[in-house]
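Participant: One structure is given below, represented as C-alpha cells, and several questions about it will come after.
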Amino acid sequence: MLTILDPGALTTIQDVGRLGWGRFGIPPSGPMDAAAFAAANHLVGNPCEAAALEVTLTGPALAASRDCLVAVCGAEFELWAGRLPVPAWHAVYLRAGHALRFGKRLTGARAYLAVDGGVDVSPYLGSRSTHLRGRFGGLEGRALQAGDRVTIGAPIHTHHIDRAGTRWPIPDWRAGDGVAEVRVVLGPQADHFSAAAVDRFLGNAYRVTAAADRMGIRLQGRRLDRAVESGIVSDGIVTGSIQVPPDGQPIVMMVDRQTTGGYPKIANVIRADVPRLAQVVPGDEVRFEEVTVREARSITRRSWCSRIEGGCAVRGLTMHDSGFRSARGCARGNGLLKQS
Amino acid sequence: MTNSPASDSQNQAYPRVLPVGEAAFTVEFGDRVDADLNRSVHALDAALTSLAPPGLVECIPSYRSLLVIFDIWTTDPDALKTTLLELAAAHPGAAQREIGRLLEIPVRYGGEDGPDLTDVASHCGLSPAEVVTRHSAVTYQVAMLGFAPGFAYLLGLPRELATPRVATPRLRVPPGSVGIAGSQTGIYALATPGGWRIIGRTHLTLFDAGLSEPFLLHAGDRIRFVAC
C-alpha cells in the first residue's frame, strides 16, 4: 500500500495507455513521457505494462507499507527517502514507513515514480491509466489526494536490495535549457498552408503557453496562414499531431487528446521526440525540424521510448511482443537513450 | 494533391494514402461529408480488421478517411501502404449499401428528454410532431465515434431539420441524448458538456464499461429512431 501524504500539483496513475479504443472516441492516455515511464518501470524490475505515478511540476510525498524498490525518472526533482537525499534515474530501496519526498523541481515538467510490483487499481477498459477529462481510470478517474491509499502489487522479485543502486542513463537532451528541439514529419494537411507558412513553422521558435496539459500543448509564435480557407472534414489524430486552428497558432496534441479533429494538421512530431514535449513548461521554446518519413522511422526504431506502446497487448488485435525485451537489451547495451 | 471539393469521388487522386507521422497512415476517400465515401471507410476498416496484418495497432474511422496506426518495429510500411491501396480500391462504398448492423433506437422526443425540440421546430417552420416524424423516418449511418467517448456522429439528417447549435453549450448533456447541430445529428453516449440542440433521449445503455462490448454503437452501424 502507498499512502499519499502530499499529492503535489497533479499526480495521476498511468500505465502504458488505453490502446485500441480510439475508434470509440477514447484517447490512449498513459504517460506523457513514455521513455522516462519505461525507464522507471525497468529500474524496479516491473514489466512494461505496470502502472506508475505521473508527477507534474510539484512532486508528492508518500510512504509505502512494505519495503520496496522505487525509481523516479523524467523531470529532475530533489528527492529524499526518509532523511537521505536519493538520486533520480536510480533504483532506490525505500523502507516501509519511510517517506519518499519530492523537493524542488530543477528541470522538466513530469516525472514517473515506479514501485516494484506496480500500482494496482482496477483496470478500466483494459488500462489503469487515469483520463482526467473523462473521469475514468486510475483512482476514481481523478488525481491523487492527500490521504489516498493506493494498493501496490506483490513484489516481483525477492532480492530487492540487489537491484538498488542500478542506474539508467539520463537522456542527453534533457538539458533543461528551456528549448525543446523536436523533429516532425510534414502532413497530412501541410498543403493547406502556404509555402511561406511552412517555412515560418520550421524556421522559428514557438513559445509554450499556459495552456499546456495532457490533452495538448498550445504554442504561440509566428502566425501560420492557411492557403486553403476552409477547415477539413474531421479525421483521426495521433499523439504528436500538430493542429492549426484559424488563429494560426499551433497546438500539439498529446495523450489525453480527442481522437478526431477538424483543424488541418501541418505536421506530426515523431514518436521518439514526444517525450521532449512532455517535459516543456510554459515559457519554454519549441523548435521544429523537418525529417522525412524514412528518417523518422529510422530514428524512432533506434529509440526505444515509444516501443512500450507496441510491446503491450492491444484489444482485439494481436501484437508481436518481443520488442520491449529487445529494446531493453539495446538500451542497456549501448545507451540508446542518447537519441541521435 | 487536390482540394477540388466536388470531384473527389471521380478524381484519380482518391483513394490516397498519406503518412501521419512515421507510424500511421490516413487513407482518404475524398474530402467531403458523404455517405458513400463514409461507407468506403467502414468497408476498408472491416477488411483491414479481418485481414489483421501483423503490426496493425488500431484503426480510427472518420467521415471520409481511415486512420491506420501501426507498430513500426513489426511492420513494413511500404507493404502496408500497398495493402491499403489495394483494399481501398476493392471496396467502393457506393456498391455496399448495407455494411453495418441495423439497430432500432427507442427515443422519447421532447419534454425533459428533448428540451430543444420546440426550438428546432420553430427554426425549421414545422410542428414538434412533424420534426419527430421526419427525424424518425429515415435510416442513419454511424459515420464515426469521436469528440467525446462514444459520441455517435450520424449521417442522414433530413435537410429541413438542420438547426444551428445552442448559443451557450450546456455543462451537462445526459447520456442517450439525441441532438442536432447544423446539418448533423448525433447521440451522446456519456454525460458531457455539449452544444447540440437536444430533441430527445434514448434510455438504452449506450456505454457500460463492465461489458465485453462496452459501446452499443459502432462506427458503420445503421440506426433508426423509434419514437416512444
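In the C-alpha cells, chains take the letters A, B, ... in the order shown, each chain's residues start at 1, and ligands count up from 1 in the order shown.
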What are the nearest atom pairs, with distances in Å to one decimal, for all residues of chain B that come at most 8 Å from chain A, using only C-alpha atoms, set out by chain and rising residue number as a Markdown table?
Facilitator:
```
| residue | atom | partner | partner_atom | distance |
| --- | --- | --- | --- | --- |
| B:Met1 | CA | A:Asp191 | CA | 7.6 |
| B:Leu18 | CA | A:Pro188 | CA | 6.0 |
| B:Pro19 | CA | A:Pro188 | CA | 6.3 |
| B:Val20 | CA | A:Pro188 | CA | 5.7 |
| B:Gly21 | CA | A:Asn268 | CA | 5.0 |
| B:Glu22 | CA | A:Val293 | CA | 5.4 |
| B:Ala23 | CA | A:Arg297 | CA | 7.6 |
| B:Thr26 | CA | A:Pro188 | CA | 7.8 |
| B:Asp31 | CA | A:Val233 | CA | 6.5 |
| B:Arg32 | CA | A:Val233 | CA | 6.5 |
| B:Val33 | CA | A:Val233 | CA | 6.8 |
| B:Ala52 | CA | A:Leu317 | CA | 7.0 |
| B:Pro54 | CA | A:Met319 | CA | 7.0 |
| B:Gly55 | CA | A:Met319 | CA | 6.0 |
| B:Leu56 | CA | A:Leu317 | CA | 7.3 |
| B:Val57 | CA | A:Val314 | CA | 6.8 |
| B:Glu58 | CA | A:Gly20 | CA | 5.4 |
| B:Cys59 | CA | A:Arg23 | CA | 6.5 |
| B:Ile60 | CA | A:Arg23 | CA | 4.5 |
| B:Pro61 | CA | A:Arg23 | CA | 6.3 |
| B:Ser62 | CA | A:Asp235 | CA | 5.3 |
| B:Tyr63 | CA | A:Ser234 | CA | 7.0 |
| B:Arg64 | CA | A:Val233 | CA | 7.4 |
| B:Ser65 | CA | A:Asp235 | CA | 6.5 |
| B:Leu66 | CA | A:Gly236 | CA | 7.4 |
| B:Leu67 | CA | A:Gly236 | CA | 5.6 |
| B:Asp71 | CA | A:Gly310 | CA | 5.7 |
| B:Ile72 | CA | A:Arg301 | CA | 7.0 |
| B:Trp73 | CA | A:Arg301 | CA | 6.4 |
| B:Thr74 | CA | A:His320 | CA | 7.0 |
| B:Met144 | CA | A:Arg23 | CA | 7.7 |
| B:Leu145 | CA | A:Phe24 | CA | 5.2 |
| B:Gly146 | CA | A:Gly25 | CA | 4.0 |
| B:Phe147 | CA | A:Gln258 | CA | 5.7 |
| B:Ala148 | CA | A:Gly25 | CA | 5.7 |
| B:Pro149 | CA | A:Gly25 | CA | 4.4 |
| B:Gly150 | CA | A:Phe24 | CA | 5.1 |
| B:Phe151 | CA | A:Gly25 | CA | 7.2 |
| B:Ala209 | CA | A:Leu125 | CA | 6.4 |
| B:Phe215 | CA | A:Phe24 | CA | 7.5 |
| B:His218 | CA | A:Phe24 | CA | 7.4 |
| B:Ala219 | CA | A:Arg23 | CA | 7.5 |
```
Participant: Write the selection just made, keeping N, CA and C atoms, as a short mmCIF file (atom, residue, chain, number, x, y, z; two decimals), in the first residue's frame?
Facilitator:
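The new file again.cif reads:
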```
data_model
loop_
_atom_site.label_atom_id
_atom_site.label_comp_id
_atom_site.auth_asym_id
_atom_site.auth_seq_id
_atom_site.Cartn_x
_atom_site.Cartn_y
_atom_site.Cartn_z
N MET B 1 -1.87 16.25 -55.09
CA MET B 1 -2.71 16.85 -54.04
C MET B 1 -3.82 17.68 -54.70
N LEU B 18 -1.77 8.81 -47.13
CA LEU B 18 -0.81 9.83 -46.71
C LEU B 18 -0.20 9.44 -45.36
N PRO B 19 1.08 9.74 -45.16
CA PRO B 19 1.66 9.45 -43.85
C PRO B 19 1.15 10.44 -42.79
N VAL B 20 0.90 9.91 -41.60
CA VAL B 20 0.57 10.73 -40.42
C VAL B 20 1.68 10.44 -39.42
N GLY B 21 2.74 11.23 -39.49
CA GLY B 21 3.94 10.87 -38.73
C GLY B 21 4.52 9.60 -39.32
N GLU B 22 5.37 8.92 -38.53
CA GLU B 22 6.07 7.76 -39.07
C GLU B 22 5.38 6.44 -38.75
N ALA B 23 4.32 6.47 -37.96
CA ALA B 23 3.73 5.21 -37.51
C ALA B 23 2.24 5.14 -37.79
N THR B 26 -3.12 7.80 -43.15
CA THR B 26 -4.53 8.08 -43.32
C THR B 26 -4.90 7.71 -44.76
N ASP B 31 -12.82 14.40 -49.78
CA ASP B 31 -12.69 15.45 -48.78
C ASP B 31 -14.04 16.09 -48.47
N ARG B 32 -15.10 15.28 -48.55
CA ARG B 32 -16.45 15.76 -48.26
C ARG B 32 -17.12 14.86 -47.24
N VAL B 33 -18.16 15.39 -46.61
CA VAL B 33 -19.04 14.57 -45.79
C VAL B 33 -20.05 13.94 -46.75
N ALA B 52 -6.12 -8.37 -40.53
CA ALA B 52 -5.23 -8.25 -39.36
C ALA B 52 -3.76 -8.42 -39.72
N PRO B 54 0.16 -8.18 -39.53
CA PRO B 54 0.99 -8.07 -38.34
C PRO B 54 1.41 -6.62 -38.11
N GLY B 55 1.35 -6.20 -36.86
CA GLY B 55 1.79 -4.85 -36.55
C GLY B 55 0.71 -3.80 -36.60
N LEU B 56 -0.50 -4.20 -37.04
CA LEU B 56 -1.60 -3.23 -37.03
C LEU B 56 -1.99 -2.94 -35.59
N VAL B 57 -1.97 -1.70 -35.17
CA VAL B 57 -2.29 -1.36 -33.79
C VAL B 57 -3.76 -1.01 -33.65
N GLU B 58 -4.23 -0.02 -34.39
CA GLU B 58 -5.65 0.27 -34.38
C GLU B 58 -6.02 1.16 -35.55
N CYS B 59 -7.32 1.15 -35.86
CA CYS B 59 -7.85 1.99 -36.93
C CYS B 59 -8.88 2.93 -36.34
N ILE B 60 -8.88 4.18 -36.79
CA ILE B 60 -9.89 5.14 -36.35
C ILE B 60 -10.63 5.65 -37.58
N PRO B 61 -11.87 5.14 -37.78
CA PRO B 61 -12.65 5.59 -38.92
C PRO B 61 -13.22 6.99 -38.67
N SER B 62 -13.28 7.80 -39.70
CA SER B 62 -13.95 9.10 -39.63
C SER B 62 -14.74 9.27 -40.92
N TYR B 63 -15.32 10.45 -41.12
CA TYR B 63 -16.25 10.63 -42.24
C TYR B 63 -15.72 10.13 -43.57
N ARG B 64 -14.52 10.55 -43.91
CA ARG B 64 -14.05 10.28 -45.28
C ARG B 64 -12.65 9.67 -45.29
N SER B 65 -12.18 9.25 -44.11
CA SER B 65 -10.83 8.68 -44.09
C SER B 65 -10.70 7.68 -42.95
N LEU B 66 -9.73 6.79 -43.11
CA LEU B 66 -9.43 5.81 -42.07
C LEU B 66 -8.00 6.05 -41.62
N LEU B 67 -7.84 6.30 -40.31
CA LEU B 67 -6.51 6.44 -39.74
C LEU B 67 -6.04 5.05 -39.33
N ASP B 71 2.63 -0.53 -35.79
CA ASP B 71 3.83 -0.66 -34.98
C ASP B 71 5.02 -0.69 -35.93
N ILE B 72 5.89 0.30 -35.84
CA ILE B 72 6.93 0.38 -36.87
C ILE B 72 8.03 -0.65 -36.67
N TRP B 73 8.00 -1.36 -35.54
CA TRP B 73 9.02 -2.38 -35.33
C TRP B 73 8.67 -3.70 -36.02
N THR B 74 7.37 -3.89 -36.27
CA THR B 74 6.95 -5.17 -36.84
C THR B 74 6.24 -4.99 -38.18
N MET B 144 -18.99 8.10 -37.54
CA MET B 144 -17.81 7.94 -36.69
C MET B 144 -18.20 8.18 -35.24
N LEU B 145 -17.34 7.71 -34.35
CA LEU B 145 -17.49 7.99 -32.93
C LEU B 145 -16.32 8.87 -32.54
N GLY B 146 -16.61 9.93 -31.83
CA GLY B 146 -15.48 10.79 -31.50
C GLY B 146 -15.90 12.01 -30.72
N PHE B 147 -15.04 12.93 -30.66
CA PHE B 147 -15.17 14.17 -29.88
C PHE B 147 -15.20 13.80 -28.40
N ALA B 148 -16.20 13.05 -27.99
CA ALA B 148 -16.22 12.53 -26.63
C ALA B 148 -16.38 11.01 -26.74
N PRO B 149 -16.01 10.25 -25.69
CA PRO B 149 -16.14 8.79 -25.77
C PRO B 149 -17.53 8.37 -26.21
N GLY B 150 -17.59 7.61 -27.30
CA GLY B 150 -18.83 7.00 -27.76
C GLY B 150 -19.80 7.93 -28.46
N PHE B 151 -19.48 9.24 -28.56
CA PHE B 151 -20.41 10.15 -29.23
C PHE B 151 -20.55 9.72 -30.69
N ALA B 209 -18.91 0.22 -19.14
CA ALA B 209 -17.51 -0.20 -19.13
C ALA B 209 -17.34 -1.65 -18.68
N PHE B 215 -19.50 -0.42 -25.81
CA PHE B 215 -20.25 0.57 -26.59
C PHE B 215 -21.31 -0.12 -27.43
N HIS B 218 -21.40 1.14 -32.97
CA HIS B 218 -20.08 1.07 -33.61
C HIS B 218 -20.12 1.92 -34.88
N ALA B 219 -18.97 2.48 -35.22
CA ALA B 219 -18.89 3.19 -36.49
C ALA B 219 -19.25 2.22 -37.61
#
```
Participant: Do you know which residues are at most 10 Å from Gly195 in chain B counting only C-alpha atoms, after dropping those on the same chain fewer than 4 positions away, and could you put them as a list of chain:residue names?
Facilitator: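 Result of the neighbour search: B:Pro164, B:Arg165, B:Val166, B:Ala167, B:Thr168, B:Pro169, B:Arg170, B:Leu171, B:Arg172, B:Val173, B:Gly179, B:Ile180, B:Ala181.
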Participant: Excluding range 146-157 of chain A and any residue of its chain fewer than 3 positions from it, enumerate the residues within 7 Å of it, using only C-alpha atoms, and give them as a PyMOL selection string.
Facilitator: chain A and resi 1-7+116-121+160
Participant: Please produce a file of the residues just selected, as a tab-separated table (two decimals), in the first residue's frame, where the atoms kept are C-alpha atoms.
Facilitator:
```tsv
chain	number	residue	atom	x	y	z
A	1	MET	CA	0.00	0.00	0.00
A	2	LEU	CA	1.16	3.51	-0.82
A	3	THR	CA	-0.15	6.29	1.39
A	4	ILE	CA	-0.22	9.72	-0.19
A	5	LEU	CA	0.99	12.25	2.37
A	6	ASP	CA	1.00	15.20	-0.03
A	7	PRO	CA	-0.33	14.79	-3.58
A	116	ASP	CA	8.20	-2.71	-7.68
A	117	GLY	CA	5.02	-4.72	-8.17
A	118	GLY	CA	3.33	-1.74	-9.84
A	119	VAL	CA	0.40	0.37	-8.75
A	120	ASP	CA	-2.63	-1.90	-8.63
A	121	VAL	CA	-6.00	-0.30	-9.23
A	160	HIS	CA	15.19	-6.06	-3.92
```
Participant: Show me, as a tab-separated table (two decimals) with C-alpha atoms, in the first residue's frame, the residues that have an atom within 10 Å of Ala121 in chain B when counting only C-alpha atoms, minus same-chain residues fewer than 3 positions from it.
Facilitator:
```tsv
chain	number	residue	atom	x	y	z
B	116	ASP	CA	-34.78	21.91	-27.63
B	117	LEU	CA	-37.47	20.16	-29.69
B	118	THR	CA	-39.72	23.21	-29.78
B	124	CYS	CA	-37.50	24.73	-39.21
B	125	GLY	CA	-41.04	26.09	-39.53
B	126	LEU	CA	-42.51	22.73	-38.54
B	127	SER	CA	-44.58	21.49	-35.63
B	128	PRO	CA	-42.73	19.43	-32.99
B	129	ALA	CA	-44.70	16.37	-34.12
B	130	GLU	CA	-43.51	16.87	-37.71
B	131	VAL	CA	-39.90	17.15	-36.53
B	132	VAL	CA	-40.30	13.84	-34.67
B	161	LEU	CA	-34.25	19.66	-39.87
B	163	THR	CA	-30.61	23.81	-36.95
B	199	ILE	CA	-34.57	16.89	-29.22
```
Participant: Counting only C-alpha atoms, figure out which residue out of B:Gly182, B:Pro15, B:Gly156, B:Pro174 gets nearest to Leu85 in chain B.
Facilitator: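 Distance minimum relative to Leu85 in chain B lands on B:Pro15.
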Participant: Which neighbours of Tyr140 in chain B fall inside 6 Å, counting only C-alpha atoms, when residues of the same chain fewer than 4 positions from it are skipped, and could you give them as a list in words?
Facilitator: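 With the cut-off at 6 Å, the set is Leu154, Leu155, Gly156, Arg222 and Ile223 of chain B.
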Participant: Write the selection just made, keeping N, CA and C atoms, as a tab-separated table (two decimals), in the first residue's frame?
Facilitator:
```
chain	number	residue	atom	x	y	z
B	154	LEU	N	-23.99	10.95	-36.86
B	154	LEU	CA	-24.85	10.21	-37.77
B	154	LEU	C	-25.01	10.96	-39.09
B	155	LEU	N	-24.95	10.22	-40.17
B	155	LEU	CA	-25.22	10.78	-41.49
B	155	LEU	C	-26.66	10.47	-41.86
B	156	GLY	N	-27.34	11.43	-42.48
B	156	GLY	CA	-28.67	11.15	-42.99
B	156	GLY	C	-29.76	12.07	-42.46
B	222	ARG	N	-25.95	1.08	-38.92
B	222	ARG	CA	-27.09	1.89	-39.37
B	222	ARG	C	-28.13	1.88	-38.27
B	223	ILE	N	-28.76	2.99	-38.03
B	223	ILE	CA	-29.76	3.03	-36.97
B	223	ILE	C	-31.03	3.75	-37.42
```
Participant: Check the smallest atom-to-atom distance from each of A:Gly203, A:Pro47, A:Pro87, A:Pro282 to Ala164 in chain A using only C-alpha atoms, then report the winner.
Facilitator: A:Pro87
Participant: Mind giving me the straight-line distance from CA of Arg276 in chain A to CA of Ala50 in chain A in Å, one decimal?
Facilitator: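 So the two atoms, CA of Arg276 in chain A and CA of Ala50 in chain A, lie 22.2 Å apart.
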Participant: Which one is closest to Thr83 in chain B: B:Leu216, B:Ala24, B:Leu44, B:Ala35? Count only C-alpha atoms.
Facilitator: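 Nearest candidate to Thr83 in chain B out of B:Leu216, B:Ala24, B:Leu44, B:Ala35: B:Leu44.
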Participant: Name the residues of range 239-315 of chain A that come out as strand (DSSP E or B) in a backbone DSSP run; write them as JSON, numbers by chain.
Facilitator: {"A": [241, 242, 243, 251, 252, 253, 260, 261, 265, 266, 267, 268, 269, 285, 286, 287, 288, 289, 290, 314]}
Participant: Pick out the closest residue to Asp67 in chain A from this set: A:His159, A:Ser122, A:Glu54, A:Leu10. Count only C-alpha atoms.
Facilitator: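 Under the stated criterion, the closest residue is A:His159.
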